[in-house]
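*Asks:* Please see the structure below; I have some questions.
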Amino acid sequence: MQKFDKLTGTAAPLPITNIDTDMIIPKQYLKTIKRTGLSAGLFHELRTDENGNPKDFVLDKEPWTQAQILVAGDNFGCGSSREHAPWALLDAGIRCVISTSFADIFYNNCFKNGILPIVVTPEQRKALMADANQGASLKIDLEAQTITRPSGEAVKFEIEPFRKHCLLNGLDDIGLTLARGDVIDSYEEKRQSAQPWLDGAGARA
């Protein structure tokens, strides 16, 4: 998983409440288990009409076409538990979503995929939304737990220490397990010596 420590990027405003995972990546794009290529369906119904014609969506307009940060409405990522939603955001280059609240499963899935979801107060979101509407860049410093606005004001945010550690070190569930590989190998050596019959005849051949 890609590490997250600092990020400076254009922030896109998405002031819609209750954006669910079907709005982020609709069902017709869920026929794959690959994490790449999903950006083509990101926010499909917000970006195109029923005839496939483009709407005036923020991520399709300059200066937000290369946005790496979303400033979103309340309850972002609600609805289903599909992990394709953070996959699609990441595939489109979004590394950070800022909102006043997130759905629990989406929030957890972001951390497992290297996306930083930041919870701010309504007043802070309003100020950051104004920055995003102006096409400004925001500076995210995960170590310091700050969002620096164009004015220089630093907005502090909270994050659980374990989640922060995983993002800073690029550790998803597999990475966390592999980080303890020496302990696992040591256990297996002792276990095989003490209980060789558990490996069966196939393992001894």
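Residues are named by chain letter and number: chains run A, B, ... in the order of the structure tokens, numbers start at 1 in each chain, and ligands are numbered from 1 in the order shown.
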Just the strand (DSSP E) stuff from range 34-152 of chain A, please, per backbone DSSP, written as a list in words.
*Replies:*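 Going through range 34-152 of chain A, the strand (DSSP E) residues come out as Ile69, Leu70, Val71, Ala72, Cys96, Val97, Ile98, Ser99, Leu116, Pro117, Ile118, Val119, Ser137, Leu138, Lys139, Ile140, Asp141, Thr146, Ile147 and Thr148 of chain A.
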*Asks:* CA of Lys126 in chain A to CA of Leu167 in chain A: how many Å, to one decimal?
*Replies:*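 CA of Leu167 in chain A lies at a distance of 26.3 Å from CA of Lys126 in chain A.
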*Asks:* Within 6 Å of Ile98 in chain A, counting only C-alpha atoms, which residues show up once you throw out same-chain ones fewer than 6 positions away? Write them as a list in words, please.
*Replies:*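 Residues meeting the cut-off are Val71, Ala72, Pro117 and Ile118 of chain A.
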*Asks:* Could you work out how far CA of Val120 in chain A lies from CA of Lys156 in chain A, giving the answer in Å with one decimal?
*Replies:*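 CA of Val120 in chain A lies at a distance of 8.5 Å from CA of Lys156 in chain A.
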*Asks:* Residues within 10 Å of Tyr29 in chain A, please, as a list in words. Count only C-alpha atoms; anything in the same chain fewer than 5 positions from it doesn't count.
*Replies:*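 Once the adjacent positions are removed, what remains is Asp22, Gly37, Leu38, Ser39, Ala40, Gly41, Leu42, His44, His84 and Ala88 of chain A.
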*Asks:* Go through A:Asp141, A:Asp60, A:Asp74, A:Asp104 one by one, measure the shortest atom-to-atom distance of each to Leu46 in chain A using only C-alpha atoms, and give the residue with the smallest value.
*Replies:* A:Asp60
*Asks:* I want to know what sits within 6 Å of Cys96 in chain A, based on only C-alpha atoms, with residues of the same chain fewer than 2 positions away left out; could you give that as a list in words?
*Replies:*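 Near neighbours after the sequence-gap exclusion: Ile69, Ile94, Ile115, Leu116 and Pro117 of chain A.
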*Asks:* Enter the distance from CA of Asn53 in chain A to CA of Pro26 in chain A, in Å, rounded to one decimal.
*Replies:*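 Atom-to-atom, CA of Asn53 in chain A and CA of Pro26 in chain A are spaced 16.7 Å apart.
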